[in-house]
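Student: This is query.cif (mmCIF, C-alpha atoms).
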```cif
data_upload
loop_
_atom_site.label_atom_id
_atom_site.label_comp_id
_atom_site.auth_asym_id
_atom_site.auth_seq_id
_atom_site.Cartn_x
_atom_site.Cartn_y
_atom_site.Cartn_z
CA MET A 10 -31.56 -43.48 50.24
CA ALA A 11 -28.82 -45.66 48.80
CA SER A 12 -29.62 -48.98 47.19
CA SER A 13 -29.36 -52.20 49.16
CA GLU A 14 -26.74 -53.37 46.64
CA ILE A 15 -24.46 -50.48 47.59
CA ILE A 16 -25.06 -51.00 51.32
CA GLU A 17 -24.20 -54.71 51.03
CA ALA A 18 -21.05 -53.99 49.02
CA LEU A 19 -19.87 -51.45 51.60
CA GLN A 20 -20.55 -53.85 54.48
CA ARG A 21 -18.45 -56.54 52.74
CA CYS A 22 -15.65 -54.16 51.85
CA GLU A 23 -12.33 -54.71 53.59
CA LEU A 24 -12.08 -50.98 54.34
CA PHE A 25 -15.55 -50.47 55.82
CA SER A 26 -16.42 -53.84 57.38
CA THR A 27 -15.77 -52.58 60.93
CA LEU A 28 -18.13 -49.59 60.60
CA GLY A 29 -21.65 -49.37 61.98
CA GLU A 30 -24.87 -49.10 60.02
CA GLU A 31 -25.06 -45.30 60.33
CA GLU A 32 -21.54 -44.82 58.94
CA ILE A 33 -22.16 -47.29 56.10
CA GLU A 34 -25.36 -45.48 55.14
CA GLN A 35 -23.56 -42.13 55.16
CA ILE A 36 -20.81 -43.49 52.87
CA ALA A 37 -23.47 -45.06 50.65
CA THR A 38 -24.90 -41.61 49.89
CA LEU A 39 -21.55 -40.79 48.24
CA SER A 40 -21.60 -43.95 46.13
CA GLU A 41 -22.88 -45.19 42.79
CA ILE A 42 -22.77 -48.53 40.95
CA LYS A 43 -20.81 -48.81 37.70
CA THR A 44 -20.90 -51.83 35.39
CA TYR A 45 -17.89 -53.07 33.41
CA LYS A 46 -17.31 -55.84 30.87
CA ALA A 47 -14.46 -58.35 30.96
CA GLY A 48 -11.36 -56.63 29.62
CA ASP A 49 -12.45 -53.11 30.61
CA THR A 50 -9.78 -50.99 32.30
CA VAL A 51 -11.03 -49.25 35.43
CA ILE A 52 -7.74 -47.57 36.34
CA THR A 53 -4.59 -47.09 34.25
CA GLN A 54 -1.18 -47.18 35.89
CA GLY A 55 0.24 -43.66 36.17
CA GLU A 56 -3.06 -41.81 35.77
CA TYR A 57 -4.23 -39.50 38.51
CA GLY A 58 -7.10 -41.18 40.29
CA THR A 59 -9.97 -39.44 41.99
CA LYS A 60 -12.19 -42.44 42.73
CA LEU A 61 -12.15 -45.45 44.97
CA TYR A 62 -13.84 -48.56 43.54
CA LEU A 63 -15.20 -51.47 45.56
CA ILE A 64 -15.97 -54.78 43.90
CA ALA A 65 -19.63 -55.70 44.41
CA GLU A 66 -19.53 -58.49 41.79
CA GLY A 67 -16.90 -59.85 39.45
CA GLN A 68 -13.12 -59.94 39.44
CA VAL A 69 -10.46 -57.28 38.86
CA ALA A 70 -6.74 -57.84 38.24
CA LEU A 71 -4.11 -55.41 39.49
CA LEU A 72 -1.43 -55.23 36.80
CA ARG A 73 1.91 -53.45 37.09
CA SER A 74 4.03 -52.60 34.06
CA VAL A 75 7.74 -52.90 34.83
CA ASN A 76 10.85 -51.85 33.01
CA LEU A 77 14.09 -53.50 34.09
CA GLY A 78 16.41 -52.05 31.48
CA SER A 79 16.40 -54.55 28.65
CA ARG A 80 13.43 -56.43 30.09
CA GLN A 81 9.90 -55.10 30.10
CA GLY A 82 6.68 -56.76 31.04
CA THR A 83 3.51 -56.75 33.03
CA MET A 84 3.06 -58.62 36.26
CA THR A 85 -0.13 -59.48 38.06
CA ILE A 86 -0.02 -58.12 41.59
CA ALA A 87 -3.38 -59.55 42.67
CA LEU A 88 -6.71 -60.90 41.49
CA LEU A 89 -9.44 -59.25 43.54
CA GLY A 90 -13.05 -60.29 44.07
CA ARG A 91 -16.08 -59.22 46.09
CA GLY A 92 -15.34 -56.97 49.02
CA ARG A 93 -11.96 -55.82 47.73
CA GLY A 94 -11.16 -52.37 46.39
CA VAL A 95 -8.98 -50.56 43.88
CA GLY A 96 -7.98 -46.92 43.55
CA ARG A 97 -6.88 -46.45 47.13
CA SER A 98 -4.75 -43.47 46.15
CA ALA A 99 -7.98 -41.45 45.87
CA LEU A 100 -8.57 -42.12 49.57
CA ILE A 101 -5.09 -41.02 50.57
CA CYS A 102 -4.57 -37.87 48.53
CA GLU A 103 -5.35 -35.99 45.35
CA PRO A 104 -3.78 -35.93 42.95
CA CYS A 105 -1.99 -39.25 43.35
CA SER A 106 -0.98 -41.42 40.44
CA ALA A 107 -2.08 -45.04 40.33
CA SER A 108 0.71 -47.52 41.01
CA ALA A 109 -1.00 -50.26 38.98
CA SER A 110 -3.73 -50.74 36.40
CA ALA A 111 -7.03 -52.36 37.37
CA VAL A 112 -8.57 -54.50 34.61
CA CYS A 113 -11.82 -56.45 34.89
CA GLN A 114 -11.32 -60.18 34.34
CA LYS A 115 -15.06 -60.86 34.33
CA SER A 116 -18.17 -58.74 33.96
CA SER A 117 -18.12 -56.68 37.13
CA LYS A 118 -20.17 -54.28 39.20
CA LEU A 119 -18.13 -51.76 41.13
CA VAL A 120 -19.20 -49.23 43.72
CA SER A 121 -17.60 -45.90 42.85
CA LEU A 122 -16.81 -43.27 45.51
CA GLU A 123 -15.38 -39.82 44.90
CA GLY A 124 -12.18 -39.63 46.97
CA THR A 125 -12.52 -35.96 47.91
CA LYS A 126 -16.05 -36.37 49.28
CA LEU A 127 -15.12 -39.51 51.21
CA ARG A 128 -12.07 -37.81 52.76
CA GLU A 129 -14.22 -34.82 53.75
CA MET A 130 -16.67 -37.16 55.48
CA LEU A 131 -13.85 -38.98 57.29
CA ASP A 132 -12.27 -35.65 58.34
CA ALA A 133 -15.60 -34.56 59.85
CA ARG A 134 -15.83 -37.84 61.79
CA PRO A 135 -12.28 -38.56 63.04
CA GLU A 136 -13.26 -41.74 64.91
CA VAL A 137 -14.63 -43.20 61.66
CA GLY A 138 -11.68 -41.85 59.67
CA PHE A 139 -9.27 -43.59 62.05
CA GLN A 140 -11.06 -46.94 61.63
CA VAL A 141 -10.97 -46.66 57.83
CA MET A 142 -7.34 -45.54 57.73
CA GLU A 143 -6.33 -48.35 60.08
CA ARG A 144 -7.97 -50.87 57.73
CA LEU A 145 -6.29 -49.12 54.79
CA ALA A 146 -2.88 -49.61 56.43
CA TYR A 147 -3.52 -53.37 56.70
CA VAL A 148 -4.67 -53.57 53.08
CA LEU A 149 -1.69 -51.58 51.78
CA ASN A 150 0.67 -53.82 53.73
CA ASP A 151 -0.87 -56.88 52.05
CA ARG A 152 -0.64 -55.24 48.60
CA LEU A 153 3.00 -54.33 49.17
CA ARG A 154 3.83 -57.92 50.09
CA ALA A 155 1.97 -59.14 46.99
CA ALA A 156 3.94 -56.72 44.80
CA TYR A 157 7.23 -57.94 46.26
CA GLY A 158 6.14 -61.51 45.66
CA ALA A 159 5.23 -60.74 42.06
CA MET A 160 8.62 -59.08 41.51
CA ASP A 161 10.37 -62.22 42.74
CA THR A 162 8.79 -64.14 39.85
CA PHE A 163 9.84 -61.53 37.26
CA ARG A 164 13.36 -62.77 36.50
#
```
Show me, as structure tokens, the structure contained in the file I just sent.
Tutor:
Amino acid sequence: MASSEIIEALQRCELFSTLGEEEIEQIATLSEIKTYKAGDTVITQGEYGTKLYLIAEGQVALLRSVNLGSRQGTMTIALLGRGRGVGRSALICEPCSASASAVCQKSSKLVSLEGTKLREMLDARPEVGFQVMERLAYVLNDRLRAAYGAMDTFR
């Protein structure tokens, strides 16, 4: 049985908050807790990701390196806290490269899920898969708007 800490993190997660107890418990069996220190990089922009991470405690920044010819820099797309997730590309496909880096701003506990196993579970339960993918579409829309907003400040 999965720990209560994992169950609580999944229930708070923006992707899984609409699911029932049975579905949450099934996803929890695919999950483990990982601990990171402030400054630790969870995901590096451009790397091929295989895991989805949900923030149980702490804060993670999404950072995007940009190259505009003679100008280069890093912009913060979002600061994420409890209930938010990073590494969504692992939920969509494999291999997919990360569009941004995820760096812990504080000591953090993240729930780690293997993308392949989660997708297999969602394929086997299409009604659950649809709920998760619908939530993913909302989250990606918000992230895209945040990225556009961050680019507006990079002048």
Student: Need the shell around A:Glu123: protein/DNA/RNA residues with any atom at most 9 Å away, counting all atoms listed in the file. Skip same-chain ones fewer than 2 positions apart. Format as a list in words?
Tutor: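 With the cut-off at 9 Å, the set is Leu39, Ser40, Thr59, Lys60, Leu61, Tyr62, Ala99, Leu100, Ser121, Thr125, Lys126, Leu127 and Arg128 of chain A.
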Student: Could the residues in this selection be saved with C-alpha atoms as an mmCIF file, in the coordinates of the input?
Tutor:
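The resulting file, result-v6.cif, is reproduced below:
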```
data_model
loop_
_atom_site.group_PDB
_atom_site.id
_atom_site.type_symbol
_atom_site.label_atom_id
_atom_site.label_comp_id
_atom_site.auth_asym_id
_atom_site.auth_seq_id
_atom_site.Cartn_x
_atom_site.Cartn_y
_atom_site.Cartn_z
ATOM 1 C CA LEU A 39 -21.550 -40.790 48.240
ATOM 2 C CA SER A 40 -21.600 -43.950 46.130
ATOM 3 C CA THR A 59 -9.970 -39.440 41.990
ATOM 4 C CA LYS A 60 -12.190 -42.440 42.730
ATOM 5 C CA LEU A 61 -12.150 -45.450 44.970
ATOM 6 C CA TYR A 62 -13.840 -48.560 43.540
ATOM 7 C CA ALA A 99 -7.980 -41.450 45.870
ATOM 8 C CA LEU A 100 -8.570 -42.120 49.570
ATOM 9 C CA SER A 121 -17.600 -45.900 42.850
ATOM 10 C CA THR A 125 -12.520 -35.960 47.910
ATOM 11 C CA LYS A 126 -16.050 -36.370 49.280
ATOM 12 C CA LEU A 127 -15.120 -39.510 51.210
ATOM 13 C CA ARG A 128 -12.070 -37.810 52.760
#
```
Student: Measure the distance from atom CA of A:Asp151 to atom CA of A:Val95 in Å and round it to one decimal.
Tutor: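 Answer for the atom CA of A:Asp151 to atom CA of A:Val95 separation: 13.1 Å.
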Student: Name the closest residue to A:Gln20 among the candidates A:Arg80, A:Lys46, A:Arg93, A:Arg73; distances are taken between atoms, counting only C-alpha atoms.
Tutor: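 Going through A:Arg80, A:Lys46, A:Arg93, A:Arg73 one by one, the smallest distance to A:Gln20 is for A:Arg93.
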Student: Work out how far apart atom CA of A:Gln54 and atom CA of A:Ser106 are and give it in Å to one decimal.
Tutor: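 Calculated distance between atom CA of A:Gln54 and atom CA of A:Ser106 is 7.3 Å.
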Student: Restricting the calculation to all atoms listed in the file, which member of A:Thr85, A:Thr53, A:Gln35, A:Ser79 is positioned closest to A:Arg134?
Tutor: A:Gln35
Student: In terms of the shortest atom-to-atom distance over only C-alpha atoms, which of A:Ile101, A:Ala47, A:Ala37, A:Ala109 is closest to A:Leu153?
Tutor: A:Ala109
Student: Report the residues retrieved by the PyMOL selection byres ((chain A and resi 32) around 12) from the displayed file, expressed as a PDB file with C-alpha atoms, keeping the file's coordinate frame.
Tutor:
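Full text of result-v7.pdb as output:
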```pdb
ATOM      1  CA  ILE A  16     -25.060 -51.000  51.320  1.00  0.00           C
ATOM      2  CA  LEU A  19     -19.870 -51.450  51.600  1.00  0.00           C
ATOM      3  CA  GLN A  20     -20.550 -53.850  54.480  1.00  0.00           C
ATOM      4  CA  PHE A  25     -15.550 -50.470  55.820  1.00  0.00           C
ATOM      5  CA  SER A  26     -16.420 -53.840  57.380  1.00  0.00           C
ATOM      6  CA  THR A  27     -15.770 -52.580  60.930  1.00  0.00           C
ATOM      7  CA  LEU A  28     -18.130 -49.590  60.600  1.00  0.00           C
ATOM      8  CA  GLY A  29     -21.650 -49.370  61.980  1.00  0.00           C
ATOM      9  CA  GLU A  30     -24.870 -49.100  60.020  1.00  0.00           C
ATOM     10  CA  GLU A  31     -25.060 -45.300  60.330  1.00  0.00           C
ATOM     11  CA  ILE A  33     -22.160 -47.290  56.100  1.00  0.00           C
ATOM     12  CA  GLU A  34     -25.360 -45.480  55.140  1.00  0.00           C
ATOM     13  CA  GLN A  35     -23.560 -42.130  55.160  1.00  0.00           C
ATOM     14  CA  ILE A  36     -20.810 -43.490  52.870  1.00  0.00           C
ATOM     15  CA  ALA A  37     -23.470 -45.060  50.650  1.00  0.00           C
ATOM     16  CA  THR A  38     -24.900 -41.610  49.890  1.00  0.00           C
ATOM     17  CA  LEU A  39     -21.550 -40.790  48.240  1.00  0.00           C
ATOM     18  CA  LEU A 127     -15.120 -39.510  51.210  1.00  0.00           C
ATOM     19  CA  MET A 130     -16.670 -37.160  55.480  1.00  0.00           C
ATOM     20  CA  LEU A 131     -13.850 -38.980  57.290  1.00  0.00           C
ATOM     21  CA  ALA A 133     -15.600 -34.560  59.850  1.00  0.00           C
ATOM     22  CA  ARG A 134     -15.830 -37.840  61.790  1.00  0.00           C
ATOM     23  CA  PRO A 135     -12.280 -38.560  63.040  1.00  0.00           C
ATOM     24  CA  GLU A 136     -13.260 -41.740  64.910  1.00  0.00           C
ATOM     25  CA  VAL A 137     -14.630 -43.200  61.660  1.00  0.00           C
ATOM     26  CA  GLY A 138     -11.680 -41.850  59.670  1.00  0.00           C
ATOM     27  CA  GLN A 140     -11.060 -46.940  61.630  1.00  0.00           C
ATOM     28  CA  VAL A 141     -10.970 -46.660  57.830  1.00  0.00           C
TER      29      VAL A 141
END
```
Student: Taking the file as shown, find all residues satisfying the PyMOL selection byres ((chain A and resi 67) around 9) and write them as a list in words.
Tutor: Ala47, Ile64, Ala65, Glu66, Gln68, Val69, Leu89, Gly90, Arg91, Cys113, Gln114, Lys115, Ser116, Ser117, Lys118 and Leu119 of chain A
Student: Please save C-alpha atoms of the selected residues as a compact mmCIF listing (two decimals), in the frame of the given file.
Tutor:
```
# COMPACT_ATOMS: atom_id res chain seq x y z
CA ALA A 47 -14.46 -58.35 30.96
CA ILE A 64 -15.97 -54.78 43.90
CA ALA A 65 -19.63 -55.70 44.41
CA GLU A 66 -19.53 -58.49 41.79
CA GLN A 68 -13.12 -59.94 39.44
CA VAL A 69 -10.46 -57.28 38.86
CA LEU A 89 -9.44 -59.25 43.54
CA GLY A 90 -13.05 -60.29 44.07
CA ARG A 91 -16.08 -59.22 46.09
CA CYS A 113 -11.82 -56.45 34.89
CA GLN A 114 -11.32 -60.18 34.34
CA LYS A 115 -15.06 -60.86 34.33
CA SER A 116 -18.17 -58.74 33.96
CA SER A 117 -18.12 -56.68 37.13
CA LYS A 118 -20.17 -54.28 39.20
CA LEU A 119 -18.13 -51.76 41.13
```
Student: Of the residues A:Gly94, A:Ser108, A:Ala70, A:Gly124, which is the one nearest to A:Gly48, using all atoms listed in the file?
Tutor: A:Ala70
Student: My list of candidates is A:Leu71, A:Ile42, A:Glu23, A:Glu17. Which is closest to A:Val120 when distances are computed with only C-alpha atoms?
Tutor: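 Closest to A:Val120, using only C-alpha atoms: A:Ile42.
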Student: Calculated over only C-alpha atoms, which of the candidates A:Val51, A:Leu88, A:Ala18, A:Leu24 has the smallest distance to A:Ala146?
Tutor: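 Smallest distance to A:Ala146 is found for A:Leu24.
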Student: Report, in Å with one decimal, the straight-line distance from atom CA of A:Glu56 to atom CA of A:Gly158.
Tutor: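 Going from atom CA of A:Glu56 over to atom CA of A:Gly158, I get 23.9 Å.
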Student: Need to verify the contact set: A:Ser98, 7 Å, all atoms listed in the file, exclusion of same-chain residues closer than 6 positions in sequence. Can you return it as JSON, numbers by chain?
Tutor: {"A": [58, 105, 107]}
Student: On this file, the PyMOL selection byres ((chain A and resi 83) around 7) gives some set of residues; write that set as a PyMOL selection string.
Tutor: chain A and resi 72-75+82+84-85
